[in-house]
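Undergrad: Sharing entry35.pdb here; it has PDB, C-alpha atoms.
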MODEL        1
ATOM      1  CA  MET A  29     -12.177 -29.864  -3.085  1.00  0.00           C
ATOM      2  CA  SER A  30     -11.544 -26.184  -3.796  1.00  0.00           C
ATOM      3  CA  LEU A  31     -13.985 -24.203  -5.909  1.00  0.00           C
ATOM      4  CA  LEU A  32     -11.160 -22.157  -7.460  1.00  0.00           C
ATOM      5  CA  THR A  33      -7.534 -23.227  -7.808  1.00  0.00           C
ATOM      6  CA  VAL A  34      -4.820 -20.940  -9.181  1.00  0.00           C
ATOM      7  CA  THR A  35      -1.465 -22.620  -9.826  1.00  0.00           C
ATOM      8  CA  HIS A  36       1.862 -21.103 -10.921  1.00  0.00           C
ATOM      9  CA  LEU A  37       0.076 -18.270 -12.717  1.00  0.00           C
ATOM     10  CA  ARG A  38       2.354 -16.070 -14.803  1.00  0.00           C
ATOM     11  CA  LYS A  39       1.526 -13.180 -17.100  1.00  0.00           C
ATOM     12  CA  ILE A  40       4.003 -11.332 -19.300  1.00  0.00           C
ATOM     13  CA  TYR A  41       3.017  -8.348 -21.413  1.00  0.00           C
ATOM     14  CA  SER A  42       5.075  -7.230 -24.391  1.00  0.00           C
ATOM     15  CA  THR A  43       5.332  -3.584 -25.358  1.00  0.00           C
ATOM     16  CA  ARG A  44       3.734  -2.466 -28.592  1.00  0.00           C
ATOM     17  CA  PHE A  45       6.725  -3.328 -30.761  1.00  0.00           C
ATOM     18  CA  GLY A  46       7.895  -6.247 -28.646  1.00  0.00           C
ATOM     19  CA  GLY A  47      11.052  -4.532 -27.473  1.00  0.00           C
ATOM     20  CA  ASN A  48      10.384  -4.869 -23.761  1.00  0.00           C
ATOM     21  CA  GLN A  49       8.484  -7.290 -21.591  1.00  0.00           C
ATOM     22  CA  VAL A  50       6.662  -6.612 -18.327  1.00  0.00           C
ATOM     23  CA  GLU A  51       6.088  -9.470 -15.897  1.00  0.00           C
ATOM     24  CA  ALA A  52       2.758  -8.563 -14.256  1.00  0.00           C
ATOM     25  CA  LEU A  53       2.330 -11.920 -12.497  1.00  0.00           C
ATOM     26  CA  ARG A  54       5.331 -14.056 -11.590  1.00  0.00           C
ATOM     27  CA  ASP A  55       4.119 -17.140  -9.728  1.00  0.00           C
ATOM     28  CA  VAL A  56       0.656 -16.810  -8.193  1.00  0.00           C
ATOM     29  CA  ASN A  57      -0.716 -19.749  -6.206  1.00  0.00           C
ATOM     30  CA  PHE A  58      -3.848 -19.906  -4.061  1.00  0.00           C
ATOM     31  CA  SER A  59      -7.194 -21.638  -3.779  1.00  0.00           C
ATOM     32  CA  VAL A  60     -10.672 -20.569  -2.702  1.00  0.00           C
ATOM     33  CA  GLU A  61     -13.104 -22.911  -1.010  1.00  0.00           C
ATOM     34  CA  SER A  62     -16.816 -22.860  -1.799  1.00  0.00           C
ATOM     35  CA  GLY A  63     -18.557 -20.319   0.442  1.00  0.00           C
ATOM     36  CA  GLU A  64     -15.401 -18.335   1.250  1.00  0.00           C
ATOM     37  CA  TYR A  65     -15.173 -14.529   1.266  1.00  0.00           C
ATOM     38  CA  VAL A  66     -11.672 -13.560   0.128  1.00  0.00           C
ATOM     39  CA  ALA A  67     -10.172 -10.106  -0.349  1.00  0.00           C
ATOM     40  CA  ILE A  68      -7.058  -9.443  -2.439  1.00  0.00           C
ATOM     41  CA  MET A  69      -4.959  -6.386  -1.614  1.00  0.00           C
ATOM     42  CA  GLY A  70      -1.800  -4.876  -3.068  1.00  0.00           C
ATOM     43  CA  GLU A  71      -0.268  -1.607  -4.146  1.00  0.00           C
ATOM     44  CA  SER A  72      -0.775  -0.209  -7.637  1.00  0.00           C
ATOM     45  CA  GLY A  73       1.325  -2.237 -10.030  1.00  0.00           C
ATOM     46  CA  SER A  74       1.372  -5.303  -7.780  1.00  0.00           C
ATOM     47  CA  GLY A  75      -0.531  -7.408 -10.326  1.00  0.00           C
ATOM     48  CA  LYS A  76      -3.936  -7.633  -8.679  1.00  0.00           C
ATOM     49  CA  THR A  77      -5.848  -6.094 -11.618  1.00  0.00           C
ATOM     50  CA  THR A  78      -4.122  -8.472 -14.038  1.00  0.00           C
ATOM     51  CA  LEU A  79      -5.009 -11.345 -11.728  1.00  0.00           C
ATOM     52  CA  LEU A  80      -8.658 -10.278 -11.594  1.00  0.00           C
ATOM     53  CA  ASN A  81      -8.837 -10.030 -15.389  1.00  0.00           C
ATOM     54  CA  ILE A  82      -7.524 -13.583 -15.704  1.00  0.00           C
ATOM     55  CA  LEU A  83      -9.942 -14.888 -13.060  1.00  0.00           C
ATOM     56  CA  ALA A  84     -12.744 -13.147 -14.962  1.00  0.00           C
ATOM     57  CA  ALA A  85     -11.670 -14.936 -18.174  1.00  0.00           C
ATOM     58  CA  LEU A  86     -11.067 -11.524 -19.755  1.00  0.00           C
ATOM     59  CA  ASP A  87      -7.377 -12.296 -20.295  1.00  0.00           C
ATOM     60  CA  ARG A  88      -5.302 -15.448 -20.596  1.00  0.00           C
ATOM     61  CA  PRO A  89      -2.147 -16.180 -18.606  1.00  0.00           C
ATOM     62  CA  THR A  90       1.246 -16.719 -20.189  1.00  0.00           C
ATOM     63  CA  SER A  91       1.534 -19.916 -18.169  1.00  0.00           C
ATOM     64  CA  GLY A  92      -0.038 -21.632 -15.193  1.00  0.00           C
ATOM     65  CA  SER A  93      -3.635 -22.633 -14.653  1.00  0.00           C
ATOM     66  CA  VAL A  94      -6.964 -21.375 -13.323  1.00  0.00           C
ATOM     67  CA  ILE A  95      -9.467 -24.106 -12.519  1.00  0.00           C
ATOM     68  CA  LEU A  96     -13.043 -23.336 -11.486  1.00  0.00           C
ATOM     69  CA  GLU A  97     -14.954 -26.314 -10.119  1.00  0.00           C
ATOM     70  CA  GLY A  98     -12.811 -28.708 -12.122  1.00  0.00           C
ATOM     71  CA  ARG A  99     -12.844 -26.747 -15.383  1.00  0.00           C
ATOM     72  CA  ASP A 100      -9.541 -25.390 -16.637  1.00  0.00           C
ATOM     73  CA  PHE A 101      -9.885 -21.919 -18.179  1.00  0.00           C
ATOM     74  CA  SER A 102      -7.233 -22.775 -20.764  1.00  0.00           C
ATOM     75  CA  GLN A 103      -9.517 -25.445 -22.201  1.00  0.00           C
ATOM     76  CA  ILE A 104     -12.350 -22.993 -22.934  1.00  0.00           C
ATOM     77  CA  ARG A 105     -12.551 -22.122 -26.613  1.00  0.00           C
ATOM     78  CA  ASP A 106     -12.550 -18.427 -27.513  1.00  0.00           C
ATOM     79  CA  GLY A 107     -16.078 -18.696 -28.879  1.00  0.00           C
ATOM     80  CA  ASP A 108     -17.355 -20.152 -25.592  1.00  0.00           C
ATOM     81  CA  VAL A 109     -15.728 -17.694 -23.168  1.00  0.00           C
ATOM     82  CA  ALA A 110     -18.633 -15.222 -23.035  1.00  0.00           C
ATOM     83  CA  ALA A 111     -21.125 -17.980 -22.252  1.00  0.00           C
ATOM     84  CA  PHE A 112     -18.780 -19.426 -19.635  1.00  0.00           C
ATOM     85  CA  ARG A 113     -18.508 -16.050 -17.867  1.00  0.00           C
ATOM     86  CA  ARG A 114     -22.273 -15.548 -18.004  1.00  0.00           C
ATOM     87  CA  ASP A 115     -23.025 -19.013 -16.612  1.00  0.00           C
ATOM     88  CA  ASN A 116     -20.352 -19.222 -13.912  1.00  0.00           C
ATOM     89  CA  LEU A 117     -19.171 -15.760 -12.858  1.00  0.00           C
ATOM     90  CA  GLY A 118     -20.810 -12.649 -11.433  1.00  0.00           C
ATOM     91  CA  PHE A 119     -19.160  -9.222 -11.612  1.00  0.00           C
ATOM     92  CA  VAL A 120     -19.423  -6.074  -9.505  1.00  0.00           C
ATOM     93  CA  PHE A 121     -17.451  -3.080 -10.779  1.00  0.00           C
ATOM     94  CA  GLN A 122     -16.368   0.181  -9.154  1.00  0.00           C
ATOM     95  CA  GLU A 123     -18.222   2.294 -11.724  1.00  0.00           C
ATOM     96  CA  PHE A 124     -21.402   0.138 -11.661  1.00  0.00           C
ATOM     97  CA  ASN A 125     -21.451  -0.388 -15.480  1.00  0.00           C
ATOM     98  CA  LEU A 126     -25.226   0.043 -15.690  1.00  0.00           C
ATOM     99  CA  LEU A 127     -26.913   1.022 -18.955  1.00  0.00           C
ATOM    100  CA  ASP A 128     -28.567   4.436 -18.549  1.00  0.00           C
ATOM    101  CA  THR A 129     -31.218   3.660 -21.182  1.00  0.00           C
ATOM    102  CA  PHE A 130     -32.360   0.586 -19.215  1.00  0.00           C
ATOM    103  CA  SER A 131     -34.383   0.630 -16.009  1.00  0.00           C
ATOM    104  CA  LEU A 132     -32.806  -1.000 -12.960  1.00  0.00           C
ATOM    105  CA  GLU A 133     -35.073  -3.981 -13.564  1.00  0.00           C
ATOM    106  CA  ASP A 134     -33.838  -4.371 -17.130  1.00  0.00           C
ATOM    107  CA  ASN A 135     -30.201  -3.925 -16.058  1.00  0.00           C
ATOM    108  CA  ILE A 136     -30.546  -6.613 -13.402  1.00  0.00           C
ATOM    109  CA  CYS A 137     -32.244  -9.070 -15.756  1.00  0.00           C
ATOM    110  CA  LEU A 138     -29.885  -8.466 -18.693  1.00  0.00           C
ATOM    111  CA  PRO A 139     -27.692 -11.558 -18.056  1.00  0.00           C
ATOM    112  CA  LEU A 140     -30.811 -13.723 -17.983  1.00  0.00           C
ATOM    113  CA  VAL A 141     -32.057 -12.181 -21.223  1.00  0.00           C
ATOM    114  CA  LEU A 142     -28.704 -12.889 -22.888  1.00  0.00           C
ATOM    115  CA  SER A 143     -28.833 -16.511 -21.747  1.00  0.00           C
ATOM    116  CA  GLY A 144     -32.355 -16.977 -23.140  1.00  0.00           C
ATOM    117  CA  THR A 145     -34.077 -17.427 -19.780  1.00  0.00           C
ATOM    118  CA  PRO A 146     -37.906 -17.517 -20.132  1.00  0.00           C
ATOM    119  CA  TYR A 147     -39.687 -14.356 -18.941  1.00  0.00           C
ATOM    120  CA  ARG A 148     -41.611 -16.122 -16.188  1.00  0.00           C
ATOM    121  CA  GLN A 149     -38.404 -17.578 -14.762  1.00  0.00           C
ATOM    122  CA  MET A 150     -36.765 -14.147 -14.873  1.00  0.00           C
ATOM    123  CA  ARG A 151     -39.606 -12.696 -12.810  1.00  0.00           C
ATOM    124  CA  GLU A 152     -39.327 -15.550 -10.302  1.00  0.00           C
ATOM    125  CA  ARG A 153     -35.607 -14.900  -9.856  1.00  0.00           C
ATOM    126  CA  LEU A 154     -35.900 -11.111  -9.783  1.00  0.00           C
ATOM    127  CA  ALA A 155     -38.416 -10.797  -6.951  1.00  0.00           C
ATOM    128  CA  PRO A 156     -36.372 -12.364  -4.101  1.00  0.00           C
ATOM    129  CA  VAL A 157     -33.123 -10.729  -5.244  1.00  0.00           C
ATOM    130  CA  ALA A 158     -34.727  -7.285  -5.407  1.00  0.00           C
ATOM    131  CA  GLU A 159     -36.277  -7.765  -1.976  1.00  0.00           C
ATOM    132  CA  GLU A 160     -33.010  -8.940  -0.427  1.00  0.00           C
ATOM    133  CA  LEU A 161     -31.172  -5.903  -1.804  1.00  0.00           C
ATOM    134  CA  GLY A 162     -33.900  -3.365  -1.002  1.00  0.00           C
ATOM    135  CA  LEU A 163     -34.605  -2.583  -4.653  1.00  0.00           C
ATOM    136  CA  THR A 164     -38.248  -3.610  -5.056  1.00  0.00           C
ATOM    137  CA  GLU A 165     -39.546  -0.028  -5.052  1.00  0.00           C
ATOM    138  CA  LEU A 166     -36.789   1.170  -7.395  1.00  0.00           C
ATOM    139  CA  LEU A 167     -37.008  -1.365 -10.220  1.00  0.00           C
ATOM    140  CA  LYS A 168     -38.767   0.964 -12.668  1.00  0.00           C
ATOM    141  CA  LYS A 169     -36.307   3.808 -12.097  1.00  0.00           C
ATOM    142  CA  TYR A 170     -33.312   4.505 -14.313  1.00  0.00           C
ATOM    143  CA  PRO A 171     -29.691   4.663 -13.102  1.00  0.00           C
ATOM    144  CA  TYR A 172     -29.589   8.470 -13.364  1.00  0.00           C
ATOM    145  CA  GLU A 173     -32.576   8.673 -11.024  1.00  0.00           C
ATOM    146  CA  VAL A 174     -30.989   6.829  -8.070  1.00  0.00           C
ATOM    147  CA  SER A 175     -28.020   7.282  -5.744  1.00  0.00           C
ATOM    148  CA  GLY A 176     -24.586   5.718  -6.107  1.00  0.00           C
ATOM    149  CA  GLY A 177     -25.334   3.215  -3.369  1.00  0.00           C
ATOM    150  CA  GLN A 178     -28.584   2.201  -5.071  1.00  0.00           C
ATOM    151  CA  LYS A 179     -26.755   1.825  -8.398  1.00  0.00           C
ATOM    152  CA  GLN A 180     -24.213  -0.455  -6.770  1.00  0.00           C
ATOM    153  CA  ARG A 181     -26.951  -2.553  -5.177  1.00  0.00           C
ATOM    154  CA  ALA A 182     -28.501  -2.934  -8.623  1.00  0.00           C
ATOM    155  CA  ALA A 183     -25.083  -3.971  -9.955  1.00  0.00           C
ATOM    156  CA  VAL A 184     -24.822  -6.586  -7.197  1.00  0.00           C
ATOM    157  CA  ALA A 185     -28.326  -7.826  -8.046  1.00  0.00           C
ATOM    158  CA  ARG A 186     -27.307  -8.185 -11.700  1.00  0.00           C
ATOM    159  CA  ALA A 187     -24.227 -10.130 -10.616  1.00  0.00           C
ATOM    160  CA  ILE A 188     -26.009 -12.638  -8.389  1.00  0.00           C
ATOM    161  CA  ILE A 189     -29.280 -13.152 -10.289  1.00  0.00           C
ATOM    162  CA  THR A 190     -27.569 -15.797 -12.435  1.00  0.00           C
ATOM    163  CA  GLU A 191     -26.598 -17.690  -9.244  1.00  0.00           C
ATOM    164  CA  PRO A 192     -22.883 -17.663 -10.178  1.00  0.00           C
ATOM    165  CA  LYS A 193     -20.355 -20.074  -8.756  1.00  0.00           C
ATOM    166  CA  LEU A 194     -18.027 -17.150  -8.015  1.00  0.00           C
ATOM    167  CA  LEU A 195     -18.765 -13.451  -7.442  1.00  0.00           C
ATOM    168  CA  LEU A 196     -15.858 -11.204  -8.461  1.00  0.00           C
ATOM    169  CA  ALA A 197     -15.800  -7.623  -7.154  1.00  0.00           C
ATOM    170  CA  ASP A 198     -13.377  -4.982  -8.433  1.00  0.00           C
ATOM    171  CA  GLU A 199     -13.029  -2.085  -5.940  1.00  0.00           C
ATOM    172  CA  PRO A 200     -16.804  -2.247  -5.286  1.00  0.00           C
ATOM    173  CA  THR A 201     -16.760   0.547  -2.674  1.00  0.00           C
ATOM    174  CA  GLY A 202     -14.423   2.846  -4.609  1.00  0.00           C
ATOM    175  CA  ALA A 203     -17.140   5.175  -5.931  1.00  0.00           C
ATOM    176  CA  LEU A 204     -19.327   5.179  -2.799  1.00  0.00           C
ATOM    177  CA  ASP A 205     -19.595   7.492   0.195  1.00  0.00           C
ATOM    178  CA  SER A 206     -19.101   6.104   3.702  1.00  0.00           C
ATOM    179  CA  LYS A 207     -22.796   5.370   4.322  1.00  0.00           C
ATOM    180  CA  ALA A 208     -23.251   3.552   1.009  1.00  0.00           C
ATOM    181  CA  THR A 209     -19.977   1.700   1.616  1.00  0.00           C
ATOM    182  CA  ASP A 210     -21.233   0.417   4.971  1.00  0.00           C
ATOM    183  CA  GLU A 211     -24.513  -0.700   3.384  1.00  0.00           C
ATOM    184  CA  LEU A 212     -22.724  -2.513   0.552  1.00  0.00           C
ATOM    185  CA  LEU A 213     -20.316  -4.297   2.885  1.00  0.00           C
ATOM    186  CA  ARG A 214     -23.196  -5.476   5.072  1.00  0.00           C
ATOM    187  CA  LEU A 215     -24.902  -6.697   1.904  1.00  0.00           C
ATOM    188  CA  PHE A 216     -21.812  -8.615   0.781  1.00  0.00           C
ATOM    189  CA  GLY A 217     -21.709 -10.218   4.231  1.00  0.00           C
ATOM    190  CA  ARG A 218     -25.327 -11.375   3.949  1.00  0.00           C
ATOM    191  CA  ILE A 219     -24.786 -12.708   0.431  1.00  0.00           C
ATOM    192  CA  ASN A 220     -21.757 -14.644   1.614  1.00  0.00           C
ATOM    193  CA  GLN A 221     -23.638 -16.012   4.639  1.00  0.00           C
ATOM    194  CA  ASN A 222     -26.254 -17.289   2.201  1.00  0.00           C
ATOM    195  CA  GLY A 223     -23.549 -19.402   0.562  1.00  0.00           C
ATOM    196  CA  GLN A 224     -22.208 -17.162  -2.219  1.00  0.00           C
ATOM    197  CA  THR A 225     -18.443 -17.386  -2.756  1.00  0.00           C
ATOM    198  CA  VAL A 226     -16.961 -13.876  -3.020  1.00  0.00           C
ATOM    199  CA  LEU A 227     -13.544 -12.748  -4.234  1.00  0.00           C
ATOM    200  CA  MET A 228     -12.950  -9.005  -3.958  1.00  0.00           C
ATOM    201  CA  VAL A 229     -10.008  -6.891  -5.133  1.00  0.00           C
ATOM    202  CA  THR A 230      -9.729  -3.712  -3.085  1.00  0.00           C
ATOM    203  CA  HIS A 231      -7.437  -0.938  -1.856  1.00  0.00           C
ATOM    204  CA  SER A 232      -9.768  -0.363   1.091  1.00  0.00           C
ATOM    205  CA  VAL A 233      -8.699  -1.772   4.445  1.00  0.00           C
ATOM    206  CA  LYS A 234     -12.265  -1.275   5.641  1.00  0.00           C
ATOM    207  CA  ALA A 235     -13.677  -3.365   2.780  1.00  0.00           C
ATOM    208  CA  ALA A 236     -11.060  -6.077   3.244  1.00  0.00           C
ATOM    209  CA  SER A 237     -11.781  -6.254   6.983  1.00  0.00           C
ATOM    210  CA  HIS A 238     -15.214  -7.713   6.177  1.00  0.00           C
ATOM    211  CA  ALA A 239     -13.693 -10.736   4.399  1.00  0.00           C
ATOM    212  CA  GLY A 240     -12.865 -14.079   5.945  1.00  0.00           C
ATOM    213  CA  ARG A 241      -9.374 -14.142   4.448  1.00  0.00           C
ATOM    214  CA  VAL A 242      -7.095 -11.493   2.974  1.00  0.00           C
ATOM    215  CA  LEU A 243      -4.415 -12.229   0.364  1.00  0.00           C
ATOM    216  CA  PHE A 244      -1.612  -9.724  -0.170  1.00  0.00           C
ATOM    217  CA  ILE A 245      -0.055  -9.619  -3.627  1.00  0.00           C
ATOM    218  CA  LYS A 246       3.328  -7.990  -4.202  1.00  0.00           C
ATOM    219  CA  ASP A 247       5.641  -8.057  -7.211  1.00  0.00           C
ATOM    220  CA  GLY A 248       3.443 -10.576  -8.982  1.00  0.00           C
ATOM    221  CA  VAL A 249       3.178 -13.178  -6.207  1.00  0.00           C
ATOM    222  CA  VAL A 250       0.872 -13.834  -3.265  1.00  0.00           C
ATOM    223  CA  PHE A 251       3.239 -12.668  -0.556  1.00  0.00           C
ATOM    224  CA  HIS A 252       1.179 -13.167   2.585  1.00  0.00           C
ATOM    225  CA  GLN A 253      -2.325 -13.988   3.816  1.00  0.00           C
ATOM    226  CA  ILE A 254      -4.409 -13.401   6.919  1.00  0.00           C
ATOM    227  CA  TYR A 255      -7.308 -15.499   8.155  1.00  0.00           C
ATOM    228  CA  ARG A 256     -10.041 -13.836  10.185  1.00  0.00           C
ATOM    229  CA  GLY A 257     -10.340 -16.575  12.760  1.00  0.00           C
ATOM    230  CA  SER A 258     -12.312 -15.187  15.696  1.00  0.00           C
ATOM    231  CA  ASP A 259     -11.362 -11.554  14.988  1.00  0.00           C
ATOM    232  CA  SER A 260     -13.986  -8.836  14.832  1.00  0.00           C
ATOM    233  CA  ASN A 261     -13.980  -6.482  11.829  1.00  0.00           C
ATOM    234  CA  GLU A 262     -12.120  -3.927  13.953  1.00  0.00           C
ATOM    235  CA  GLN A 263      -9.444  -6.425  14.978  1.00  0.00           C
ATOM    236  CA  LEU A 264      -9.004  -7.682  11.414  1.00  0.00           C
ATOM    237  CA  TYR A 265      -8.799  -4.048  10.223  1.00  0.00           C
ATOM    238  CA  GLN A 266      -5.859  -3.479  12.564  1.00  0.00           C
ATOM    239  CA  ARG A 267      -4.088  -6.661  11.471  1.00  0.00           C
ATOM    240  CA  ILE A 268      -4.497  -5.701   7.807  1.00  0.00           C
ATOM    241  CA  SER A 269      -3.199  -2.187   8.488  1.00  0.00           C
ATOM    242  CA  ASP A 270      -0.174  -3.561  10.346  1.00  0.00           C
ATOM    243  CA  THR A 271       0.555  -5.995   7.518  1.00  0.00           C
ATOM    244  CA  LEU A 272       0.350  -3.279   4.856  1.00  0.00           C
ATOM    245  CA  THR A 273       2.716  -1.104   6.880  1.00  0.00           C
ATOM    246  CA  MET A 274       5.220  -3.960   7.091  1.00  0.00           C
ATOM    247  CA  LEU A 275       4.903  -4.702   3.379  1.00  0.00           C
ATOM    248  CA  GLN A 276       5.483  -1.074   2.459  1.00  0.00           C
ATOM    249  CA  SER A 277       8.526  -0.856   4.725  1.00  0.00           C
ATOM    250  CA  GLY A 278      10.000  -4.054   3.358  1.00  0.00           C
ATOM    251  CA  GLY A 279       9.653  -5.922   6.636  1.00  0.00           C
ATOM    252  CA  ASP A 280       9.123  -9.662   7.000  1.00  0.00           C
ATOM    253  CA  VAL A 281       5.478 -10.520   7.786  1.00  0.00           C
ATOM    254  CA  ARG A 282       5.754 -14.273   7.396  1.00  0.00           C
TER     255      ARG A 282
ENDMDL
END
Rewrite the structure of this file - the entire thing - as structure tokens.

TA:
Amino acid sequence: MSLLTVTHLRKIYSTRFGGNQVEALRDVNFSVESGEYVAIMGESGSGKTTLLNILAALDRPTSGSVILEGRDFSQIRDGDVAAFRRDNLGFVFQEFNLLDTFSLEDNICLPLVLSGTPYRQMRERLAPVAEELGLTELLKKYPYEVSGGQKQRAAVARAIITEPKLLLADEPTGALDSKATDELLRLFGRINQNGQTVLMVTHSVKAASHAGRVLFIKDGVVFHQIYRGSDSNEQLYQRISDTLTMLQSGGDVR
């Protein structure tokens, strides 16, 4: 059984005065198995940001369904959405979204604080996560005292400390230099190997080449997908690049 199932997802936005409508998602269908590492790619305006917002329970579709481990998002009451996100989803953002007035330790533990986790349990969860991400010596520092790569590692720690069913990443390498990007992608690989399901939206071919499967979204539908199979990162990189070239030229990649 799939962890995440997206069926006939459609999203229409109306302009401010309702005169025009924009169809951001037309008919999106895909599923994600537990333990998968999936990247979603597409040009600006293809619908991938809208899709991510719906998967993050930040927006609701016009029609269609999103089901996470048997629970339909449409059945979640508005008052329960925040708790649902906190208990089931982890988020990694391009701009880190850390609070400058909180230490890295406090930023990482914030979701546990909001869920009422006892202090002792927070400490027990923090220690292995900080060690895995190389943050143990940095926990007392503030975001403005560390590098971009270290901020992003703290953001990843905050996302996984709740042991989410699904980790959602929105352009996670977009604000990083090449060295920090390489470190983060290796980290995502280790997290995934440890059993964490990852779904990443990215423009970066390099980032996508670390995933096990790549979905291409175009004009509001999932137009094509590539499975890694036995490919190395370099081989998958080339296949992704070739596919993007074909998509941009209007060629048939099916």

Undergrad: Excluding range 156-159 of chain A and its own-chain neighbours fewer than 5 positions away, which residues fall within 7 Å of it when counting only C-alpha atoms? Please give them as an mmCIF file with C-alpha atoms, keeping the file's coordinate frame.

TA:
data_model
loop_
_atom_site.group_PDB
_atom_site.id
_atom_site.type_symbol
_atom_site.label_atom_id
_atom_site.label_comp_id
_atom_site.auth_asym_id
_atom_site.auth_seq_id
_atom_site.Cartn_x
_atom_site.Cartn_y
_atom_site.Cartn_z
ATOM 1 C CA THR A 164 -38.248 -3.610 -5.056
ATOM 2 C CA ALA A 185 -28.326 -7.826 -8.046
ATOM 3 C CA ILE A 189 -29.280 -13.152 -10.289
#

Undergrad: If you measure from CA of Ser260 in chain A to CA of Leu204 in chain A, what distance in Å do you get, rounded to one decimal?

TA: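 About the pair CA of Ser260 in chain A and CA of Leu204 in chain A: they are 23.1 Å apart.
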
Undergrad: Env of Met228 in chain A: 12 Å cut, atoms = only C-alpha atoms, seq-sep filter 2 positions within chain, self excluded. Answer as a count of residues only.

TA: 47

Undergrad: Please compute the CA of Gln266 in chain A-CA of Ser62 in chain A distance, one decimal, in Å.

TA: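 Distance between the two atoms: 26.5 Å.
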
Undergrad: Translate the PyMOL selection byres ((chain A and resi 251) around 10), as applied to the file shown, into an explicit residue set as a PyMOL selection string.

TA: chain A and resi 56-57+70+243-250+252-253+275+281-282

Undergrad: Determine the residue set returned by the PyMOL selection byres ((chain A and resi 168-175) around 7) for the present structure, and present it as a list in words.

TA: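 Applying the expression gives Leu126, Asp128, Phe130, Ser131, Leu132, Glu133, Leu166, Leu167, Gly176, Gly177, Gln178 and Lys179 of chain A.
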
Undergrad: Which of these, A:Leu272, A:Val94, A:Ile188, A:Ala85, has the shortest distance to Leu31 in chain A once you count all atoms listed in the file?

TA: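 Ranked by minimum distance to Leu31 in chain A, first place goes to A:Val94.
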
Undergrad: Using only C-alpha atoms, which residue out of A:Gly63, A:Ala183, A:Ile268, A:Lys207 lies closest to Leu127 in chain A?

TA: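 Closest to Leu127 in chain A, using only C-alpha atoms: A:Ala183.
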
Undergrad: Mind pulling up the distance from CA of Asn48 in chain A to CA of Gln103 in chain A?

TA: 28.7 Å

Undergrad: Show me, as a count of residues only, the residues that have an atom within 8 Å of Leu37 in chain A when counting only C-alpha atoms, minus same-chain residues fewer than 4 positions from it.

TA: 11

Undergrad: Using only C-alpha atoms, which of the listed residues (A:Gly144, A:Gly162, A:Gly75, A:Gly217) sits closest to Asn261 in chain A?

TA: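 The closest residue to Asn261 in chain A is A:Gly217.
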
Undergrad: Taking only C-alpha atoms into account, name the residue in A:Ser30, A:Ser269, A:Ala182, A:Val229 that is nearest to Glu165 in chain A.

TA: A:Ala182

Undergrad: Extending 3 Å beyond the listed atoms of range 220-229 of chain A on each side, what axis-aligned box results? I want centre and edge lengths in Å to one decimal, as JSON.

TA:
{"center_x": -18.1, "center_y": -13.1, "center_z": -0.2, "size_x": 22.2, "size_y": 18.5, "size_z": 15.8}

Undergrad: Select, from A:Leu138, A:Glu51, A:Glu160, A:Ala155, the residue with the minimum atom-to-atom distance to Gly73 in chain A, counting all atoms listed in the file.

TA: A:Glu51

Undergrad: Quick one: of A:Glu191, A:Glu61, A:Asp134, A:Asp100, who's nearest to Asp115 in chain A, counting all atoms listed in the file?

TA: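 Looking at the shortest contact to Asp115 in chain A, the residue is A:Glu191.
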
Undergrad: Using all atoms listed in the file, give me every residue within 6 Å of (-3.0, -21.4, -8.1) in file coordinates, as an mmCIF file with C-alpha atoms, keeping the file's coordinate frame.

TA:
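Full text of part04.cif as output:
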data_model
loop_
_atom_site.group_PDB
_atom_site.id
_atom_site.type_symbol
_atom_site.label_atom_id
_atom_site.label_comp_id
_atom_site.auth_asym_id
_atom_site.auth_seq_id
_atom_site.Cartn_x
_atom_site.Cartn_y
_atom_site.Cartn_z
ATOM 1 C CA THR A 33 -7.534 -23.227 -7.808
ATOM 2 C CA VAL A 34 -4.820 -20.940 -9.181
ATOM 3 C CA THR A 35 -1.465 -22.620 -9.826
ATOM 4 C CA HIS A 36 1.862 -21.103 -10.921
ATOM 5 C CA VAL A 56 0.656 -16.810 -8.193
ATOM 6 C CA ASN A 57 -0.716 -19.749 -6.206
ATOM 7 C CA PHE A 58 -3.848 -19.906 -4.061
#
